[in-house]
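One file, upload10.cif, is given below (mmCIF, C-alpha atoms).
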```cif
data_upload
loop_
_atom_site.label_atom_id
_atom_site.label_comp_id
_atom_site.auth_asym_id
_atom_site.auth_seq_id
_atom_site.Cartn_x
_atom_site.Cartn_y
_atom_site.Cartn_z
CA MET N 1 -123.59 169.83 55.06
CA LYS N 2 -123.87 166.24 56.23
CA ARG N 3 -127.63 166.26 55.65
CA ARG N 4 -127.16 167.77 52.16
CA GLY N 5 -124.60 165.08 51.31
CA LYS N 6 -126.96 162.39 52.55
CA TRP N 7 -129.81 163.58 50.29
CA LEU N 8 -127.46 163.88 47.35
CA ALA N 9 -126.38 160.26 47.81
CA ILE N 10 -130.03 159.17 47.99
CA LEU N 11 -130.84 161.07 44.79
CA LEU N 12 -127.90 159.47 43.00
CA VAL N 13 -129.04 155.99 44.03
CA MET N 14 -132.61 156.71 42.92
CA GLY N 15 -131.36 158.04 39.59
CA THR N 16 -129.30 154.90 39.04
CA LEU N 17 -132.28 152.67 39.83
CA LEU N 18 -134.54 154.62 37.48
CA GLY N 19 -131.92 154.31 34.76
CA LEU N 20 -131.79 150.55 35.23
CA VAL N 21 -135.56 150.26 35.08
CA SER N 22 -135.70 152.43 31.99
CA GLY N 23 -132.89 150.40 30.38
CA CYS N 24 -134.70 147.14 31.10
CA GLY N 25 -137.84 148.47 29.48
CA SER N 26 -135.89 149.60 26.42
CA ASN N 27 -134.14 146.25 26.03
CA SER N 28 -137.42 144.41 26.39
CA SER N 29 -138.98 146.59 23.70
CA GLN N 30 -136.03 145.99 21.36
CA ALA N 31 -136.24 142.24 21.95
CA GLU N 32 -139.96 142.23 21.20
CA GLU N 33 -139.35 144.25 18.02
CA LYS N 34 -136.65 141.80 16.92
CA VAL N 35 -138.99 138.85 17.45
CA GLU N 36 -141.71 140.58 15.48
CA THR N 37 -139.48 141.44 12.50
CA THR N 38 -137.65 138.09 12.35
CA LYS N 39 -140.44 135.71 11.37
CA SER N 40 -139.94 131.97 11.35
CA LEU N 41 -140.54 130.22 8.03
CA ASP N 42 -140.75 126.75 9.57
CA GLY N 43 -143.03 124.48 7.59
CA GLN N 44 -142.97 126.64 4.47
CA THR N 45 -141.61 125.46 1.12
CA LEU N 46 -140.31 127.14 -2.03
CA PHE N 47 -140.14 125.37 -5.39
CA VAL N 48 -137.21 126.55 -7.51
CA TYR N 49 -135.95 125.78 -11.02
CA CYS N 50 -132.19 126.17 -11.50
CA GLY N 51 -129.77 125.66 -14.38
CA ALA N 52 -127.86 122.39 -13.92
CA GLY N 53 -124.47 124.12 -14.13
CA MET N 54 -125.23 125.98 -10.90
CA THR N 55 -126.08 122.90 -8.82
CA LYS N 56 -123.17 123.24 -6.39
CA PRO N 57 -123.46 126.91 -5.36
CA PHE N 58 -127.24 127.05 -5.38
CA GLY N 59 -127.51 123.82 -3.40
CA GLU N 60 -125.36 125.39 -0.70
CA ILE N 61 -127.41 128.60 -0.78
CA ALA N 62 -130.66 126.64 -0.43
CA ASP N 63 -129.31 124.55 2.46
CA GLN N 64 -128.03 127.62 4.29
CA PHE N 65 -131.35 129.44 3.88
CA LYS N 66 -133.22 126.45 5.30
CA ALA N 67 -130.81 126.22 8.24
CA GLU N 68 -131.38 129.89 9.07
CA THR N 69 -135.13 130.17 8.46
CA GLY N 70 -136.62 126.67 8.51
CA CYS N 71 -137.98 127.11 4.98
CA ASP N 72 -137.46 124.07 2.75
CA ILE N 73 -136.37 124.67 -0.85
CA GLN N 74 -137.16 122.02 -3.41
CA VAL N 75 -134.98 122.45 -6.51
CA VAL N 76 -135.23 121.06 -10.02
CA TYR N 77 -131.87 121.20 -11.80
CA ALA N 78 -132.06 120.92 -15.59
CA ASN N 79 -131.14 122.68 -18.82
CA ALA N 80 -132.99 125.81 -19.83
CA ALA N 81 -135.28 124.19 -22.40
CA GLN N 82 -136.43 121.53 -19.92
CA ILE N 83 -137.14 124.16 -17.26
CA GLN N 84 -138.97 126.46 -19.68
CA ASN N 85 -141.15 123.58 -20.80
CA GLN N 86 -141.98 122.59 -17.23
CA ILE N 87 -142.88 126.16 -16.26
CA GLN N 88 -145.16 126.49 -19.27
CA THR N 89 -146.87 123.11 -18.98
CA THR N 90 -147.30 122.85 -15.20
CA GLY N 91 -147.89 126.48 -14.31
CA GLU N 92 -146.11 125.79 -11.03
CA GLY N 93 -143.05 127.12 -9.25
CA ASP N 94 -141.80 130.08 -7.23
CA LEU N 95 -138.45 130.99 -8.77
CA PHE N 96 -136.28 130.41 -11.84
CA ILE N 97 -132.48 130.76 -11.55
CA ALA N 98 -131.48 130.92 -15.22
CA GLY N 99 -128.10 130.63 -16.91
CA SER N 100 -128.69 133.99 -18.60
CA ALA N 101 -131.41 136.62 -18.87
CA ASP N 102 -132.05 135.42 -22.43
CA GLU N 103 -133.53 132.23 -21.01
CA LEU N 104 -136.35 134.19 -19.38
CA LYS N 105 -137.76 135.34 -22.72
CA PRO N 106 -139.62 132.08 -23.55
CA VAL N 107 -141.40 132.27 -20.16
CA GLN N 108 -141.63 136.05 -19.86
CA ASP N 109 -145.40 135.86 -19.39
CA LYS N 110 -144.79 133.72 -16.30
CA VAL N 111 -142.21 136.08 -14.73
CA SER N 112 -143.39 138.82 -12.37
CA GLU N 113 -139.99 140.25 -11.43
CA SER N 114 -136.28 139.45 -11.72
CA ILE N 115 -132.97 140.53 -10.23
CA ASP N 116 -129.43 139.92 -11.51
CA LEU N 117 -127.16 137.89 -9.23
CA VAL N 118 -123.74 137.18 -10.75
CA LYS N 119 -121.81 137.26 -14.00
CA HIS N 120 -121.85 134.11 -16.11
CA ILE N 121 -118.56 133.96 -17.99
CA PRO N 122 -118.00 131.60 -20.95
CA VAL N 123 -114.44 130.36 -21.51
CA LEU N 124 -112.45 128.13 -23.83
CA ALA N 125 -110.94 125.23 -21.87
CA VAL N 126 -108.42 122.53 -22.80
CA LYS N 127 -106.56 119.75 -21.03
CA SER N 128 -103.95 120.85 -18.48
CA GLY N 129 -100.71 121.76 -20.21
CA ASN N 130 -102.59 122.61 -23.42
CA PRO N 131 -100.95 119.78 -25.42
CA LEU N 132 -102.31 121.01 -28.78
CA GLY N 133 -101.22 124.60 -28.21
CA ILE N 134 -104.70 126.08 -28.65
CA THR N 135 -104.61 129.87 -28.25
CA GLY N 136 -108.10 130.90 -29.32
CA LEU N 137 -111.32 129.87 -31.02
CA ASN N 138 -109.78 129.88 -34.48
CA ASP N 139 -107.46 127.06 -33.42
CA LEU N 140 -110.50 124.81 -32.94
CA THR N 141 -110.53 124.35 -36.72
CA GLY N 142 -107.09 122.72 -36.66
CA ALA N 143 -106.46 119.16 -37.75
CA GLY N 144 -107.05 116.61 -34.99
CA VAL N 145 -108.87 119.02 -32.67
CA GLU N 146 -112.05 117.45 -31.32
CA VAL N 147 -114.55 119.70 -29.56
CA VAL N 148 -117.58 119.15 -27.33
CA LEU N 149 -120.16 121.94 -27.09
CA GLY N 150 -123.46 122.43 -25.33
CA ASP N 151 -126.77 121.81 -27.03
CA GLY N 152 -127.26 124.84 -29.26
CA GLU N 153 -131.04 124.77 -28.81
CA ALA N 154 -131.46 123.77 -25.17
CA THR N 155 -128.70 125.27 -23.05
CA PRO N 156 -127.31 128.84 -22.75
CA ILE N 157 -123.64 127.84 -23.04
CA GLY N 158 -124.40 125.89 -26.21
CA LYS N 159 -126.15 128.89 -27.71
CA ILE N 160 -123.20 131.11 -26.82
CA ALA N 161 -120.73 128.68 -28.40
CA ASN N 162 -122.75 128.61 -31.60
CA LYS N 163 -122.99 132.41 -31.68
CA ALA N 164 -119.27 132.98 -31.03
CA LEU N 165 -118.15 130.45 -33.63
CA THR N 166 -120.71 131.70 -36.16
CA ASP N 167 -119.62 135.31 -35.64
CA LEU N 168 -116.08 134.20 -36.50
CA GLY N 169 -117.40 132.30 -39.52
CA ILE N 170 -115.87 129.01 -38.38
CA LEU N 171 -118.72 126.98 -36.84
CA ASN N 172 -118.95 124.59 -39.80
CA ASN N 173 -115.17 124.08 -39.76
CA VAL N 174 -114.99 122.97 -36.13
CA ASN N 175 -115.00 119.21 -35.51
CA VAL N 176 -117.81 119.04 -32.93
CA VAL N 177 -117.80 115.41 -31.83
CA ALA N 178 -120.69 115.75 -29.38
CA ARG N 179 -123.30 118.10 -27.97
CA ALA N 180 -124.10 117.93 -24.26
CA ALA N 181 -127.33 118.83 -22.49
CA THR N 182 -125.74 120.52 -19.46
CA ALA N 183 -122.51 122.26 -18.46
CA PRO N 184 -121.44 119.44 -16.11
CA GLU N 185 -121.72 116.99 -19.02
CA ILE N 186 -119.53 119.25 -21.18
CA ALA N 187 -116.94 119.39 -18.40
CA ASN N 188 -116.98 115.64 -17.99
CA ALA N 189 -116.29 115.10 -21.70
CA LEU N 190 -113.00 117.01 -21.42
CA SER N 191 -112.16 115.46 -18.06
CA VAL N 192 -112.35 111.90 -19.42
CA ASP N 193 -110.52 112.69 -22.68
CA GLU N 194 -113.50 112.49 -25.01
CA CYS N 195 -112.32 115.73 -26.65
CA ASN N 196 -109.49 118.27 -26.76
CA ALA N 197 -111.42 121.47 -26.06
CA ILE N 198 -114.73 122.77 -24.79
CA ILE N 199 -116.58 126.07 -24.49
CA ILE N 200 -118.02 126.18 -21.00
CA TRP N 201 -118.89 128.46 -18.10
CA LYS N 202 -115.81 129.51 -16.14
CA GLU N 203 -116.97 127.91 -12.88
CA ASN N 204 -117.56 124.52 -14.51
CA VAL N 205 -114.02 124.00 -15.85
CA PRO N 206 -112.85 120.59 -14.53
CA ALA N 207 -109.86 120.28 -12.21
CA ASN N 208 -107.65 118.55 -14.81
CA ALA N 209 -108.16 121.31 -17.39
CA GLU N 210 -107.12 124.92 -17.90
CA ILE N 211 -108.64 128.05 -19.37
CA VAL N 212 -107.14 129.41 -22.58
CA ASN N 213 -106.23 133.07 -22.09
CA THR N 214 -108.11 134.59 -25.02
CA PRO N 215 -110.49 137.56 -25.40
CA ASP N 216 -112.57 135.67 -27.97
CA LEU N 217 -115.49 135.14 -25.60
CA ASN N 218 -115.43 138.46 -23.71
CA ALA N 219 -118.34 139.81 -25.72
CA TYR N 220 -120.57 136.91 -24.68
CA VAL N 221 -120.54 137.32 -20.90
CA LYS N 222 -124.05 136.96 -19.42
CA THR N 223 -125.70 137.51 -16.05
CA VAL N 224 -127.54 134.98 -13.89
CA PRO N 225 -131.03 136.25 -12.98
CA ALA N 226 -133.37 135.15 -10.23
CA ALA N 227 -136.87 135.42 -11.68
CA LYS N 228 -139.98 135.36 -9.50
CA LEU N 229 -142.74 133.38 -11.13
CA SER N 230 -146.32 134.65 -11.20
CA SER N 231 -147.47 131.16 -10.19
CA SER N 232 -145.89 131.61 -6.74
CA ALA N 233 -148.36 131.74 -3.87
CA ASN N 234 -145.83 131.82 -1.02
CA THR N 235 -145.18 135.55 -1.05
CA GLU N 236 -143.70 135.71 2.47
CA ALA N 237 -141.05 133.02 1.96
CA LEU N 238 -140.23 134.16 -1.57
CA ALA N 239 -139.74 137.77 -0.46
CA ALA N 240 -137.44 136.60 2.33
CA PHE N 241 -135.44 134.44 -0.06
CA MET N 242 -135.07 137.23 -2.64
CA THR N 243 -133.69 139.46 0.11
CA TYR N 244 -131.38 136.65 1.22
CA LEU N 245 -130.00 136.28 -2.32
CA ASP N 246 -128.61 139.81 -2.02
CA SER N 247 -126.84 139.14 1.28
CA ASP N 248 -123.09 138.93 1.87
CA PRO N 249 -123.12 135.21 2.87
CA VAL N 250 -124.74 134.33 -0.46
CA LYS N 251 -122.27 136.47 -2.39
CA THR N 252 -119.46 134.64 -0.61
CA ILE N 253 -120.87 131.29 -1.75
CA TRP N 254 -121.00 132.44 -5.38
CA GLU N 255 -117.44 133.79 -5.24
CA LYS N 256 -116.15 130.62 -3.60
CA ASN N 257 -117.54 128.68 -6.55
CA GLY N 258 -115.82 130.82 -9.20
CA TYR N 259 -118.50 133.39 -10.02
CA GLU N 260 -118.06 137.16 -10.18
CA VAL N 261 -120.65 138.98 -8.07
CA LEU N 262 -122.33 142.04 -9.58
CA ASN N 263 -121.73 145.28 -7.70
#
```
Take the structure in the file and write it out as structure tokens.
Amino acid sequence: MKRRGKWLAILLVMGTLLGLVSGCGSNSSQAEEKVETTKSLDGQTLFVYCGAGMTKPFGEIADQFKAETGCDIQVVYANAAQIQNQIQTTGEGDLFIAGSADELKPVQDKVSESIDLVKHIPVLAVKSGNPLGITGLNDLTGAGVEVVLGDGEATPIGKIANKALTDLGILNNVNVVARAATAPEIANALSVDECNAIIIWKENVPANAEIVNTPDLNAYVKTVPAAKLSSSANTEALAAFMTYLDSDPVKTIWEKNGYEVLN
């Protein structure tokens, strides 16, 4: 019995040692696999066009991607017309983050693939406290109401404003005192009292303003697409970035900046 117990103890020790060796081999294999599938993008660069109204969230997304992968992202922020013109004339770039899918149409022959990222919601905004008592788009025709809109030819939010006011049959009756080239410029006009009301993307409403609770613009909600350009030669970095755009950390950045993420 003593001899049997002795051999049993030896077998148990040997089994434990074999298990440890096997475990070490397994962990090593897993580590090697992780290294192989997580490729460094150090030294690589992506060139991205992005609507000016999305400067804050996309800048954070680009910085975070670089911090995690080493890939540098060079971004041109401008209105849609400027970006479309640059894509067409230079034939360069990897990605276009547009204010709406409609803005891809003029460069459709340069787009190889696109995915939708977030909702882009237009709103009617006025000074905090709503001193003129504006309740909807029709009130923009009232006496003394001065309005700033986006460029109706160059920027998505300007096109939406024109469409919404035209559909109501009131565009020509609205006192539009200025047209701005980008959403931040529209926001600034209201912030510094150059007007009484603006039509702008929800996330660009300035801190000293408020959104008018009206359904007038519900039918004009758009989506922000990320469009891969056929001119892109950096397939590895672009594929990694497209995957990254669908990650939870990126969705958190969009939400933090006032966007509604698509499910």
Contact residues around Val123 of chain N with only C-alpha atoms at 6 Å, ignoring same-chain residues under 2 positions, as a list in words: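 Contacts, in chain order: Ile199, Ile200, Trp201 and Lys202 of chain N.
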Between atom CA of His120 of chain N and atom CA of Thr223 of chain N, distance in Å (one decimal): 5.1 Å
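Our summary of the geometry notes that atom CA of Tyr49 of chain N is positioned 6.6 Å from atom CA of Ile83 of chain N.
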Atomic separation - atom CA of Ala207 of chain N relative to atom CA of Ser128 of chain N, Å: 8.6 Å
Selection: 8 Å around Pro57 of chain N, only C-alpha atoms, excl. self and same-chain fewer than 5 positions, as a list in words: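 So, after excluding close chain neighbours, the residues are Ile253, Trp254 and Asn257 of chain N.
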Would you export the selected residues with C-alpha atoms as a JSON list (two decimals), keeping the file's coordinate frame, please?
```
[["chain", "number", "residue", "atom", "x", "y", "z"],
["N", 253, "ILE", "CA", -120.87, 131.29, -1.75],
["N", 254, "TRP", "CA", -121.00, 132.44, -5.38],
["N", 257, "ASN", "CA", -117.54, 128.68, -6.55]]
```
Selected residue, from N:Ile157, N:Val148, N:Leu140, N:Cys195, that lies nearest to Ala183 of chain N when counting all atoms listed in the file: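 Ranked by minimum distance to Ala183 of chain N, first place goes to N:Ile157.
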Neighbour list for Glu153 of chain N as a VMD selection string, cut-off 12 Å, only C-alpha atoms, skip fewer than 2 positions in-chain: chain N and resid 79 to 82 103 149 to 151 155 to 163 179 to 182
Neighbours of point (-107.0, 129.8, -23.4) within 6 Å, using all atoms listed in the file, written as a PyMOL selection string: chain N and resi 124+135+211-214
Hits from the PyMOL selection byres ((chain N and resi 70) around 7), listed as a PyMOL selection string: chain N and resi 40-43+66-69+71-72
How would segment 160-239 of chain N look written as a PDB file, in the first residue's frame with C-alpha atoms?
```pdb
ATOM      1  CA  ILE N 160     -31.510  71.293 -46.121  1.00  0.00           C
ATOM      2  CA  ALA N 161     -32.574  74.751 -44.916  1.00  0.00           C
ATOM      3  CA  ASN N 162     -33.457  75.771 -48.458  1.00  0.00           C
ATOM      4  CA  LYS N 163     -35.421  72.563 -49.023  1.00  0.00           C
ATOM      5  CA  ALA N 164     -37.362  72.789 -45.751  1.00  0.00           C
ATOM      6  CA  LEU N 165     -38.280  76.443 -46.228  1.00  0.00           C
ATOM      7  CA  THR N 166     -39.154  75.893 -49.895  1.00  0.00           C
ATOM      8  CA  ASP N 167     -41.361  72.919 -49.038  1.00  0.00           C
ATOM      9  CA  LEU N 168     -43.274  75.220 -46.670  1.00  0.00           C
ATOM     10  CA  GLY N 169     -43.441  77.882 -49.383  1.00  0.00           C
ATOM     11  CA  ILE N 170     -41.787  80.515 -47.194  1.00  0.00           C
ATOM     12  CA  LEU N 171     -38.144  80.717 -48.325  1.00  0.00           C
ATOM     13  CA  ASN N 172     -38.620  84.054 -50.097  1.00  0.00           C
ATOM     14  CA  ASN N 173     -40.398  85.496 -47.049  1.00  0.00           C
ATOM     15  CA  VAL N 174     -37.585  84.747 -44.598  1.00  0.00           C
ATOM     16  CA  ASN N 175     -35.163  87.603 -43.894  1.00  0.00           C
ATOM     17  CA  VAL N 176     -31.882  85.764 -44.531  1.00  0.00           C
ATOM     18  CA  VAL N 177     -29.226  88.290 -43.527  1.00  0.00           C
ATOM     19  CA  ALA N 178     -26.256  86.057 -44.344  1.00  0.00           C
ATOM     20  CA  ARG N 179     -25.185  82.711 -45.756  1.00  0.00           C
ATOM     21  CA  ALA N 180     -22.288  80.890 -44.111  1.00  0.00           C
ATOM     22  CA  ALA N 181     -19.866  78.414 -45.665  1.00  0.00           C
ATOM     23  CA  THR N 182     -19.719  75.996 -42.711  1.00  0.00           C
ATOM     24  CA  ALA N 183     -21.807  74.940 -39.714  1.00  0.00           C
ATOM     25  CA  PRO N 184     -19.378  76.490 -37.185  1.00  0.00           C
ATOM     26  CA  GLU N 185     -19.758  79.840 -38.964  1.00  0.00           C
ATOM     27  CA  ILE N 186     -23.554  79.561 -38.750  1.00  0.00           C
ATOM     28  CA  ALA N 187     -23.294  78.828 -35.022  1.00  0.00           C
ATOM     29  CA  ASN N 188     -20.990  81.770 -34.473  1.00  0.00           C
ATOM     30  CA  ALA N 189     -23.450  84.167 -36.146  1.00  0.00           C
ATOM     31  CA  LEU N 190     -26.108  83.329 -33.548  1.00  0.00           C
ATOM     32  CA  SER N 191     -23.600  83.262 -30.700  1.00  0.00           C
ATOM     33  CA  VAL N 192     -22.437  86.841 -31.366  1.00  0.00           C
ATOM     34  CA  ASP N 193     -25.954  88.215 -31.977  1.00  0.00           C
ATOM     35  CA  GLU N 194     -25.689  88.678 -35.729  1.00  0.00           C
ATOM     36  CA  CYS N 195     -29.126  87.060 -36.089  1.00  0.00           C
ATOM     37  CA  ASN N 196     -32.125  85.753 -34.144  1.00  0.00           C
ATOM     38  CA  ALA N 197     -32.332  82.213 -35.521  1.00  0.00           C
ATOM     39  CA  ILE N 198     -30.399  79.627 -37.476  1.00  0.00           C
ATOM     40  CA  ILE N 199     -30.963  76.216 -39.040  1.00  0.00           C
ATOM     41  CA  ILE N 200     -28.011  74.080 -38.062  1.00  0.00           C
ATOM     42  CA  TRP N 201     -26.908  70.562 -37.174  1.00  0.00           C
ATOM     43  CA  LYS N 202     -27.927  69.589 -33.651  1.00  0.00           C
ATOM     44  CA  GLU N 203     -24.351  69.070 -32.436  1.00  0.00           C
ATOM     45  CA  ASN N 204     -23.241  72.525 -33.602  1.00  0.00           C
ATOM     46  CA  VAL N 205     -25.761  74.559 -31.582  1.00  0.00           C
ATOM     47  CA  PRO N 206     -23.731  77.111 -29.551  1.00  0.00           C
ATOM     48  CA  ALA N 207     -23.733  77.081 -25.755  1.00  0.00           C
ATOM     49  CA  ASN N 208     -25.683  80.360 -25.448  1.00  0.00           C
ATOM     50  CA  ALA N 209     -28.526  79.128 -27.659  1.00  0.00           C
ATOM     51  CA  GLU N 210     -31.369  76.628 -27.471  1.00  0.00           C
ATOM     52  CA  ILE N 211     -33.153  74.283 -29.839  1.00  0.00           C
ATOM     53  CA  VAL N 212     -36.755  75.070 -30.728  1.00  0.00           C
ATOM     54  CA  ASN N 213     -38.921  72.028 -30.034  1.00  0.00           C
ATOM     55  CA  THR N 214     -40.565  71.622 -33.433  1.00  0.00           C
ATOM     56  CA  PRO N 215     -41.094  68.668 -35.796  1.00  0.00           C
ATOM     57  CA  ASP N 216     -40.560  70.906 -38.839  1.00  0.00           C
ATOM     58  CA  LEU N 217     -37.157  69.436 -39.648  1.00  0.00           C
ATOM     59  CA  ASN N 218     -37.773  65.777 -38.747  1.00  0.00           C
ATOM     60  CA  ALA N 219     -38.181  64.805 -42.389  1.00  0.00           C
ATOM     61  CA  TYR N 220     -34.726  66.135 -43.259  1.00  0.00           C
ATOM     62  CA  VAL N 221     -32.555  64.012 -40.967  1.00  0.00           C
ATOM     63  CA  LYS N 222     -29.484  62.664 -42.802  1.00  0.00           C
ATOM     64  CA  THR N 223     -26.719  60.156 -42.102  1.00  0.00           C
ATOM     65  CA  VAL N 224     -22.967  60.759 -42.012  1.00  0.00           C
ATOM     66  CA  PRO N 225     -21.146  58.311 -44.324  1.00  0.00           C
ATOM     67  CA  ALA N 226     -17.514  57.296 -44.396  1.00  0.00           C
ATOM     68  CA  ALA N 227     -16.642  56.806 -48.061  1.00  0.00           C
ATOM     69  CA  LYS N 228     -13.512  54.974 -49.180  1.00  0.00           C
ATOM     70  CA  LEU N 229     -11.959  56.661 -52.181  1.00  0.00           C
ATOM     71  CA  SER N 230     -10.714  54.658 -55.158  1.00  0.00           C
ATOM     72  CA  SER N 231      -7.555  56.789 -55.134  1.00  0.00           C
ATOM     73  CA  SER N 232      -6.477  55.209 -51.837  1.00  0.00           C
ATOM     74  CA  ALA N 233      -3.348  53.075 -52.046  1.00  0.00           C
ATOM     75  CA  ASN N 234      -2.978  52.343 -48.329  1.00  0.00           C
ATOM     76  CA  THR N 235      -5.362  49.403 -48.154  1.00  0.00           C
ATOM     77  CA  GLU N 236      -4.021  48.014 -44.861  1.00  0.00           C
ATOM     78  CA  ALA N 237      -4.362  51.225 -42.839  1.00  0.00           C
ATOM     79  CA  LEU N 238      -7.676  52.160 -44.444  1.00  0.00           C
ATOM     80  CA  ALA N 239      -9.183  48.745 -43.709  1.00  0.00           C
TER      81      ALA N 239
END
```
